[in-house]
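S.K.: Dropping the structure in here first, questions after.
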Amino acid sequence: MAEPQIRIAHASKVFTSAGGDIEALRDISIDIPAGQFVCLLGPSGCGKSTLLNAVAGFSLVTSGQILVEGKPVTDTGPDRGMVFQEYALFPWMTVAQNIGFGLQIRKTPVATIKQTVDRLLETLRLTEFKDRFPKDLSGGMRQRVAIARILALDSPIMLMDEPFGALDALTRRSLQDELLKIQASLRKTVLFVTHSIEESIYLADRIIALSYRPGTVKLDIAVDLPRPRDASSAEFNALKRQLAEVVMHEQERHQEAEVRGLTVD
Amino acid sequence: MAESRYKAALRGVWVPLVLLILWQLAATLKWINPQVLPSPVQVVVRWWAYLTPADPYDPASGGRLAWLFSGELIRDAIGSLTRVVSGFVIGTVLALPLGLAMGASTRVNDWFNPLVQLIRPIPPIAFIPLSILWFGLGNPPAIFLIALGAFFPVLMNTIAGVQHVDVIYLRAARNLGADRFTLFTRVIMPAATPYILSGARIGMGTAFIVVIVAEMIAVNNGLGFRILEAREYFWSDKIIAGMLSIGLIGLAIDLIMARINNHLLRWHRGLERDRG
């Protein structure tokens, strides 16, 4: 078997703070082959974003290691394009400038940048907004720009941190479909953080549920339902129940911990 | 929308108009000594005399345009504006790189911050004696004081602007492969512009205060000098005419600064309603 594109091996992360250490991740091992769509699922506080940030290289693991294409992650980089929940578009750049920024950093010739940007504007149906600033765009459009921005760099890996969490249900569904289309045609590896069970089943080839603090791998299952997936089908719902049990249990632990925290303080 | 704006502007006319009528009434009925408070009409007459050329047009001494601008008020206004602009430019040009460096590097901040905190609370006016000792009389001390007045607001806001750049932009840019230089020029600097520009606007306000004071003390032309001179002759009408000129020029400068702001920050969310 070929080397996995992303290898997370016995990764742990401890945040040290004045109030005491917090163990966010404990001994996580996951291998992700190229082209797989993986959802990291769990309640808030389970460390799924911490794990994503570690893969992205924003904040490194404290023990164990994360290898991408066989090389340990030491910093962030355009081979792992990140889509943030808060969009993180540069508000002083127009849509087209935002999308072309990564290529500009690489000193790509202007004509090539324009070509790539135009193509991506077309793909993500943003052409008529190319000279607008992000403040003029809806949440869904902003997130499409953020996706185009990393597609421009042709990153083999897309890291997505609850990218559709702030969108309304209809916009979210259309962006999910767009993302699936993109992933199907470009065969990107996607590591997608969400707390929505339904979203994870709708999107993923594989779902990894994390436990609440410390984050450990609670469940790692393949989803081989045919696409496009029907959320009302029996299989979809069976899977949903199975995952709900795990996630709800962790959610309860989260709430208990919060209540304990409140009574102790 | 346009109509209500028109109405609002019209509402703003009433209070000054009533005051103006009361003022004229007080002068006509001789409630107040005209040396203390001249009538509005008298002020306008004096203002006109101050604005228009003193001598009749004489083709021998230059073109018609030069003659048209030879009025005392115009020369004073040009003098004051030249000082404000040069002082402001000097102050800003010095404050901007220092502010960027102090905001971006804790080490540079550690070096300069104690000194800055020590000097900043000293009003520029308190530097007058020292500036005259250092630079003598005339434009140099005035420009020094104006530069000083503009320096600190621009500096403090630039530091704050750089320090308050949202970490999400830095992460996103580093993720796209930006090196430190690109990060600074393409992300940190634009992200800090709203702060820097509001610092520049405050700095311009301070510069305008300082120019009037500096002219009263170190220079013998300009609007500040003229209203002080008018007091010596007991020309209260000219004092008021000079003050109103200062007010109008200040307003014009602020409007120009606001225009520049709105253009440079057309991407900024907070300005959505300010455009128009």
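FYI, nothing fancy with the structure tokens labels: chains A, B, ... in order, residues from 1 per chain, ligands from 1 as they appear.
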Mind checking which residues fall within 12 Å of segment 184-186 of chain B, counting only C-alpha atoms, ignoring those fewer than 5 positions away in the same chain, and posting them as a PDB file with C-alpha atoms, in the first residue's frame?
M.R.:
ATOM      1  CA  PHE A  90      -8.670  40.220   2.880  1.00  0.00           C
ATOM      2  CA  PRO A  91     -11.243  43.006   3.030  1.00  0.00           C
ATOM      3  CA  TRP A  92      -8.979  45.515   1.238  1.00  0.00           C
ATOM      4  CA  MET A  93      -8.684  43.277  -1.817  1.00  0.00           C
ATOM      5  CA  GLN A  97      -7.356  40.108  -6.007  1.00  0.00           C
ATOM      6  CA  ASN A  98      -8.160  37.772  -3.122  1.00  0.00           C
ATOM      7  CA  PHE A 101      -3.080  36.732  -4.070  1.00  0.00           C
ATOM      8  CA  GLY A 102      -1.511  33.318  -3.516  1.00  0.00           C
ATOM      9  CA  GLN A 104       1.042  36.703  -6.826  1.00  0.00           C
ATOM     10  CA  ILE A 105       3.068  35.581  -3.805  1.00  0.00           C
TER      11      ILE A 105
ATOM     12  CA  LEU B 100       5.092  50.576  11.867  1.00  0.00           C
ATOM     13  CA  ALA B 101       8.334  49.345  13.400  1.00  0.00           C
ATOM     14  CA  GLY B 103       3.854  48.009  16.173  1.00  0.00           C
ATOM     15  CA  ALA B 104       5.498  45.124  14.376  1.00  0.00           C
ATOM     16  CA  SER B 105       8.413  44.472  16.733  1.00  0.00           C
ATOM     17  CA  VAL B 162      -0.331  47.262  13.447  1.00  0.00           C
ATOM     18  CA  GLN B 163      -0.852  45.605  16.819  1.00  0.00           C
ATOM     19  CA  VAL B 165      -4.314  43.259  12.926  1.00  0.00           C
ATOM     20  CA  TYR B 169      -5.523  37.525   8.225  1.00  0.00           C
ATOM     21  CA  LEU B 170      -1.971  36.683   9.198  1.00  0.00           C
ATOM     22  CA  ALA B 173      -1.695  34.953   4.296  1.00  0.00           C
ATOM     23  CA  ARG B 174       0.942  32.634   5.745  1.00  0.00           C
ATOM     24  CA  ALA B 178       3.387  34.869   2.227  1.00  0.00           C
ATOM     25  CA  ASP B 179       6.849  35.656   3.564  1.00  0.00           C
ATOM     26  CA  ALA B 191      -5.170  46.191   7.733  1.00  0.00           C
ATOM     27  CA  ALA B 192      -3.735  49.054   9.801  1.00  0.00           C
ATOM     28  CA  THR B 193      -4.807  51.815   7.387  1.00  0.00           C
TER      29      THR B 193
END
S.K.: Could you list, as a compact mmCIF listing (two decimals) with C-alpha atoms, in the first residue's frame, every residue of chain B that has an atom within 6 Å of an atom of chain A, counting only C-alpha atoms?
M.R.:
# COMPACT_ATOMS: atom_id res chain seq x y z
CA ILE B 168 -6.90 35.36 11.07
CA TYR B 169 -5.52 37.53 8.22
CA ASN B 175 -1.13 29.70 4.61
CA LEU B 176 -1.03 31.12 1.08
CA GLY B 177 2.75 31.23 1.35
CA TRP B 267 -13.32 48.43 1.19
CA ARG B 269 -17.21 47.80 6.34
S.K.: Work out how far atom CA of Ile239 of chain B is from atom CA of Ile227 of chain B, in Å to one decimal.
M.R.: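 Separating atom CA of Ile227 of chain B from atom CA of Ile239 of chain B is a distance of 4.7 Å.
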S.K.: Going by DSSP on the backbone, which bits of segment 119-264 of chain A are alpha helix (DSSP H)? Write them as a ChimeraX atom specification, please.
M.R.: /A:119-123,139-152,169-186,197-203,234-264
S.K.: Take the selection from the previous step and output its residues with C-alpha atoms, as a PDB file, in the first residue's frame.
M.R.:
ATOM      1  CA  ARG A 119     -11.463  30.331 -14.701  1.00  0.00           C
ATOM      2  CA  LEU A 120     -12.108  30.045 -10.957  1.00  0.00           C
ATOM      3  CA  LEU A 121     -14.515  32.986 -10.995  1.00  0.00           C
ATOM      4  CA  GLU A 122     -16.416  31.111 -13.660  1.00  0.00           C
ATOM      5  CA  THR A 123     -16.362  27.768 -11.812  1.00  0.00           C
ATOM      6  CA  GLY A 139     -21.606  34.719   3.549  1.00  0.00           C
ATOM      7  CA  GLY A 140     -22.034  32.023   0.910  1.00  0.00           C
ATOM      8  CA  MET A 141     -20.245  34.076  -1.739  1.00  0.00           C
ATOM      9  CA  ARG A 142     -17.436  34.935   0.646  1.00  0.00           C
ATOM     10  CA  GLN A 143     -16.872  31.279   1.330  1.00  0.00           C
ATOM     11  CA  ARG A 144     -16.833  30.547  -2.403  1.00  0.00           C
ATOM     12  CA  VAL A 145     -14.097  33.159  -2.773  1.00  0.00           C
ATOM     13  CA  ALA A 146     -12.173  31.521   0.074  1.00  0.00           C
ATOM     14  CA  ILE A 147     -12.428  28.162  -1.696  1.00  0.00           C
ATOM     15  CA  ALA A 148     -11.365  29.704  -5.025  1.00  0.00           C
ATOM     16  CA  ARG A 149      -8.415  31.318  -3.266  1.00  0.00           C
ATOM     17  CA  ILE A 150      -6.954  27.971  -2.298  1.00  0.00           C
ATOM     18  CA  LEU A 151      -7.961  26.266  -5.544  1.00  0.00           C
ATOM     19  CA  ALA A 152      -5.885  28.895  -7.338  1.00  0.00           C
ATOM     20  CA  ALA A 169     -29.370  25.840   5.437  1.00  0.00           C
ATOM     21  CA  LEU A 170     -30.033  26.458   1.727  1.00  0.00           C
ATOM     22  CA  THR A 171     -26.736  28.200   1.054  1.00  0.00           C
ATOM     23  CA  ARG A 172     -24.950  25.502   2.984  1.00  0.00           C
ATOM     24  CA  ARG A 173     -26.473  22.747   0.887  1.00  0.00           C
ATOM     25  CA  SER A 174     -25.551  24.442  -2.383  1.00  0.00           C
ATOM     26  CA  LEU A 175     -21.977  24.994  -1.207  1.00  0.00           C
ATOM     27  CA  GLN A 176     -21.734  21.397  -0.031  1.00  0.00           C
ATOM     28  CA  ASP A 177     -22.781  20.271  -3.494  1.00  0.00           C
ATOM     29  CA  GLU A 178     -20.300  22.609  -5.119  1.00  0.00           C
ATOM     30  CA  LEU A 179     -17.537  21.345  -2.890  1.00  0.00           C
ATOM     31  CA  LEU A 180     -18.389  17.729  -3.744  1.00  0.00           C
ATOM     32  CA  LYS A 181     -18.322  18.552  -7.441  1.00  0.00           C
ATOM     33  CA  ILE A 182     -14.936  20.212  -7.100  1.00  0.00           C
ATOM     34  CA  GLN A 183     -13.562  17.368  -5.054  1.00  0.00           C
ATOM     35  CA  ALA A 184     -14.870  14.781  -7.511  1.00  0.00           C
ATOM     36  CA  SER A 185     -13.243  16.492 -10.476  1.00  0.00           C
ATOM     37  CA  LEU A 186      -9.964  17.569  -8.849  1.00  0.00           C
ATOM     38  CA  ILE A 197     -23.582  14.770  11.857  1.00  0.00           C
ATOM     39  CA  GLU A 198     -25.747  15.227   8.802  1.00  0.00           C
ATOM     40  CA  GLU A 199     -23.147  17.355   7.048  1.00  0.00           C
ATOM     41  CA  SER A 200     -20.461  14.770   7.695  1.00  0.00           C
ATOM     42  CA  ILE A 201     -22.556  11.919   6.281  1.00  0.00           C
ATOM     43  CA  TYR A 202     -23.561  14.002   3.274  1.00  0.00           C
ATOM     44  CA  LEU A 203     -19.979  14.858   2.401  1.00  0.00           C
ATOM     45  CA  ALA A 234     -32.800   4.383   5.520  1.00  0.00           C
ATOM     46  CA  GLU A 235     -29.024   3.867   5.304  1.00  0.00           C
ATOM     47  CA  PHE A 236     -28.351   7.554   5.834  1.00  0.00           C
ATOM     48  CA  ASN A 237     -30.525   7.558   8.920  1.00  0.00           C
ATOM     49  CA  ALA A 238     -29.063   4.361  10.324  1.00  0.00           C
ATOM     50  CA  LEU A 239     -25.629   5.925  10.085  1.00  0.00           C
ATOM     51  CA  LYS A 240     -26.936   9.120  11.595  1.00  0.00           C
ATOM     52  CA  ARG A 241     -28.274   7.210  14.618  1.00  0.00           C
ATOM     53  CA  GLN A 242     -25.008   5.376  15.054  1.00  0.00           C
ATOM     54  CA  LEU A 243     -23.008   8.598  14.989  1.00  0.00           C
ATOM     55  CA  ALA A 244     -25.532  10.485  17.102  1.00  0.00           C
ATOM     56  CA  GLU A 245     -25.068   8.021  19.921  1.00  0.00           C
ATOM     57  CA  VAL A 246     -21.325   8.599  19.981  1.00  0.00           C
ATOM     58  CA  VAL A 247     -21.473  12.357  19.501  1.00  0.00           C
ATOM     59  CA  MET A 248     -24.303  12.895  21.967  1.00  0.00           C
ATOM     60  CA  HIS A 249     -22.434  10.942  24.597  1.00  0.00           C
ATOM     61  CA  GLU A 250     -19.419  13.214  24.123  1.00  0.00           C
ATOM     62  CA  GLN A 251     -21.657  16.262  24.069  1.00  0.00           C
ATOM     63  CA  GLU A 252     -23.036  15.231  27.470  1.00  0.00           C
ATOM     64  CA  ARG A 253     -19.542  14.849  28.839  1.00  0.00           C
ATOM     65  CA  HIS A 254     -18.841  18.335  27.543  1.00  0.00           C
ATOM     66  CA  GLN A 255     -21.878  19.728  29.327  1.00  0.00           C
ATOM     67  CA  GLU A 256     -21.080  17.885  32.542  1.00  0.00           C
ATOM     68  CA  ALA A 257     -17.584  19.283  32.409  1.00  0.00           C
ATOM     69  CA  GLU A 258     -18.980  22.776  31.961  1.00  0.00           C
ATOM     70  CA  VAL A 259     -21.341  22.375  34.878  1.00  0.00           C
ATOM     71  CA  ARG A 260     -18.497  21.032  37.013  1.00  0.00           C
ATOM     72  CA  GLY A 261     -16.405  23.990  35.926  1.00  0.00           C
ATOM     73  CA  LEU A 262     -19.154  26.343  36.979  1.00  0.00           C
ATOM     74  CA  THR A 263     -19.653  24.794  40.394  1.00  0.00           C
ATOM     75  CA  VAL A 264     -15.956  24.507  41.134  1.00  0.00           C
TER      76      VAL A 264
END
S.K.: For atom CA of Val61 of chain A and atom CA of Glu23 of chain A, determine how far apart the two atoms are, in Å to one decimal place.
M.R.: 11.1 Å
S.K.: From the set A:Glu3, A:Glu69, A:Glu162, A:Asp220, which residue has the shortest atom-to-atom contact distance to Leu52 of chain A, counting only C-alpha atoms?
M.R.: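 Closest to Leu52 of chain A of all the choices is A:Glu162.
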